[in-house]
Amino acid sequence: MDERVDNLFAPIADRLSAIVFFEIPLGPIGIPVVVIWLMAAAIFFTAWLKWQPIRGLKHSLDVIRGKRSAKTDPGQVSSFQALATELSGTVGLGNIAGVAVAISLGGPGAALWIVIFGFFAMTLKMAEATLGVKYRTIDKKGVVSGGPMYYLRDGLKELGWPKLGLGLAICYAVFTAIGAVGAGNLFQANQVAAAVVNATGGENSFFAGQLWILGLMMAVLTAVVVLGGITSIARWTSKVTPLMAVLYLVSTVVIILLHVTELPAAVVTIFQSAFTGEGVAGGAVGVAIIGIQRALFSNGGGLGTAGMAHAAVKTKHPGTEGYTALWEPLIDSIIICTLTALAITVTGAYQMETEDGSTAEGVAITQSAFATVADWYPYLLTACIVLFGVSTLFSYGYYGQKSIGFLFGGSKIAEKGYQIFWVLAVIVGASVSLDSVIAFSDAVFFLMVLPNLLGMYFLARVLRLEILRHQTRTEVGTLGEIPDDLQVGMTGRHDPTPEQVEAAKAREQRRKRKLGKVRAGFRRARAEREDETGDSEPV
């Protein structure tokens with residue numbers, strides 16, 4: 001089966017990968033165009049939105065805690081749950097193996113570039129989440145649909161380019177529906193199964209040769225969560241994501257503390273090698289490209305998934321979710337990746353040799369760092385890999401589902417069919433090695449950044465107005481805190497009581513009456529001016 005699949009998809013996958021990851025030669029190195037596309041957008045939007053990763057962090061904490069959103073606001077989940085859902089998709093093997101790969105290729109200095117461009121990616125996430133809420137749709141049952149498909153279609157239609165917007169939206173939805181299967185399903189299930197087999201005896205493991213059992217177990221868990229929709233996914237990820245993050249963070253901190261005497265030297269090594277790049281093709285530029293590529297690819301900034309996760313949040317103000325999304329690359333590429341890099345560097349794991357005399361690669365480097373604590377300590381890493389991989393199955397299942405829903409006009413049958421397909425694909429991903437299929441899906445996955453970022457450039461003025469207006473209203477106090485009993489907190493129930501719904505309707509009626517009086521006053525003033533001067537121009 002593997003051979004037949006490989007023969008079918010290999011030529012297609014190789015050709016598509018060559019196109020998507022086309023490189024521009026720069027001396028002895030090549031720079032992938034998709035990296036330049038992502039990097040340029042990250043820098044532009046950070047400057048365009050006036051450096052919100054620095055100016056907006058304090059306000060973002062209030063938003064995440066639920067102080068700016070009410071239970072009676074339209075939406076299905078809290079800001080914290082949306083944050084957890086998106087983090088469950090981005091925090092994963094990229095933080096474990098991805099950092100190790102960057103260090104093995106570019107030295108410890110590559111980690112610093114991961115952090116630097118993780119900072120700029122914070123604004124990309126902010127932009128996606130804000131636009132996702134602004135252009136979302138809500139059906140009669142309160143079910144939310146949003147994301148790049150909707151802000152590309154409806155946002156560009158507002159600007160007078162309906163055909164371009166619809167074309168970009170369809171391209172994005174197709175790329176997401178296909179790409180999510182490879183990067184968010186087959187690859188994750190395959191790596192989780194491999195990690196479990198290695199941790200339980202390798203070739204002597206009970207699961208060796210019976211990977212379908214692991215696939216079935218993951219499929220059942222995925223079905224329970226994914227078939228329940230975004231509210232079910234949000235409940236699970238809001239519990240699983242903090243657990244897996246804390247487990248991994250504590251594990252790496254222990255490694256660093258046990259080698260605390262080597263910590264100053266490790267920090268110096270990281271900074272020095274970031275700007276020297278000795279032994280790396282292209283020197284410091286080569287190190288920077290390696291680090292930038294890993295950062296932008298691992299945190300998902302520019303892929304548009306944040307727009308789908310945050311579109312479902314209970315809020316009336318799109319800017320709130322922009323400030324929430326700032327934390328995703330901060331946690332992913334800055335905090336977690338930094339701790340991984342320090343653990344690898346203080347232990348010297350990136351310089352350790354394998355039994356055949358070669359240097360360890362990928363996740364094996366991180367495993368070597370964990371093994372310096374105790375023989376059993378790598379089992380914690382295995383637990384983290386399992387949690388990371390399974391949580392990614394949940395979130396990307398939702399992203400693929402919403403893309404299919406868009407393509408089929410919101411058809412619940414189409415969405416449910418995709419969910420069932422998603423669950424069955426987990427068994428396939430765990431059981432067989434479909435390298436060419438995964439390579440093909442990965443290439444399609446990164447095609448998502450092309451229509452997404454192009455549309456965001458067109459909507460840059462709309463986005464700037466939304467964010468800066470939200471910031472100004474917060475600073476002058478016109479966007480006050482929600483009463484405690486109505487706040488959509490990090491935990492607890494998020495559905496309003498009947499009494500709260502009625503009270504919200506009454507407040508909305510009072511607001512409309514007040515607004516009506518203000519408008520009536522303007523009309524009277526204009527009429528009086530016309531009577532006195534004969535001037536028919538509006539006041």
# chains A, B, ... in the order shown; residues from 1 in each chain; ligands from 1
$ select_by_dssp --residues "range 432-515 of chain A" --states "alpha helix (DSSP H)" --output "PyMOL selection string"
chain A and resi 435-446+449-458+460-476+498-515
$ closest_atom_pairs --of "range 198-279 of chain A" --to "range 99-112 of chain A" --cutoff "6 Å" --atoms "only C-alpha atoms" --output "tab-separated table"
residue	atom	partner	partner_atom	distance
A:Ile270	CA	A:Gly109	CA	4.3
A:Phe271	CA	A:Gly109	CA	5.9
A:Ser273	CA	A:Gly109	CA	4.5
A:Ala274	CA	A:Gly109	CA	3.6
$ closest_residue --among "A:Ser403, A:Leu380, A:Phe21, A:Leu164" --to "Ala199 in chain A" --atoms "only C-alpha atoms"
A:Leu380
$ residues_around --residues "range 339-344 of chain A" --least-positions-apart "2" --cutoff "9 Å" --atoms "only C-alpha atoms" --output "PyMOL selection string"
chain A and resi 95-96+99-100+103+108+111-112+249+252-256+259+263+266-267+270+334-337+346-350+365-366+368-370
$ residues_around --residues "range 142-146 of chain A" --least-positions-apart "6" --cutoff "9 Å" --atoms "only C-alpha atoms" --output "PyMOL selection string"
chain A and resi 74-76+131-136+307-313+402+405-406+410
$ residues_around --residues "Ala439 in chain A" --least-positions-apart "4" --cutoff "8 Å" --atoms "only C-alpha atoms" --output "compact mmCIF listing (two decimals) with N, CA, C and O atoms, in the first residue's frame"
# COMPACT_ATOMS: atom_id res chain seq x y z
N ALA A 13 3.88 15.56 -5.17
CA ALA A 13 4.37 16.20 -3.95
C ALA A 13 5.70 16.91 -4.19
O ALA A 13 5.92 18.04 -3.73
N ASP A 14 6.60 16.26 -4.92
CA ASP A 14 7.91 16.87 -5.19
C ASP A 14 7.77 18.14 -6.01
O ASP A 14 8.44 19.15 -5.73
N SER A 17 6.10 20.91 -3.78
CA SER A 17 7.04 21.39 -2.77
C SER A 17 8.08 22.31 -3.39
O SER A 17 8.48 23.32 -2.79
N GLY A 182 -2.82 16.74 6.21
CA GLY A 182 -1.44 16.27 6.31
C GLY A 182 -0.74 16.78 7.56
O GLY A 182 -0.25 16.01 8.38
N ASP A 435 4.61 9.12 3.40
CA ASP A 435 5.50 10.27 3.31
C ASP A 435 5.11 11.23 2.21
O ASP A 435 5.13 12.45 2.39
N ALA A 443 2.83 21.01 1.70
CA ALA A 443 3.03 22.05 0.69
C ALA A 443 1.74 22.86 0.51
O ALA A 443 1.76 24.09 0.43
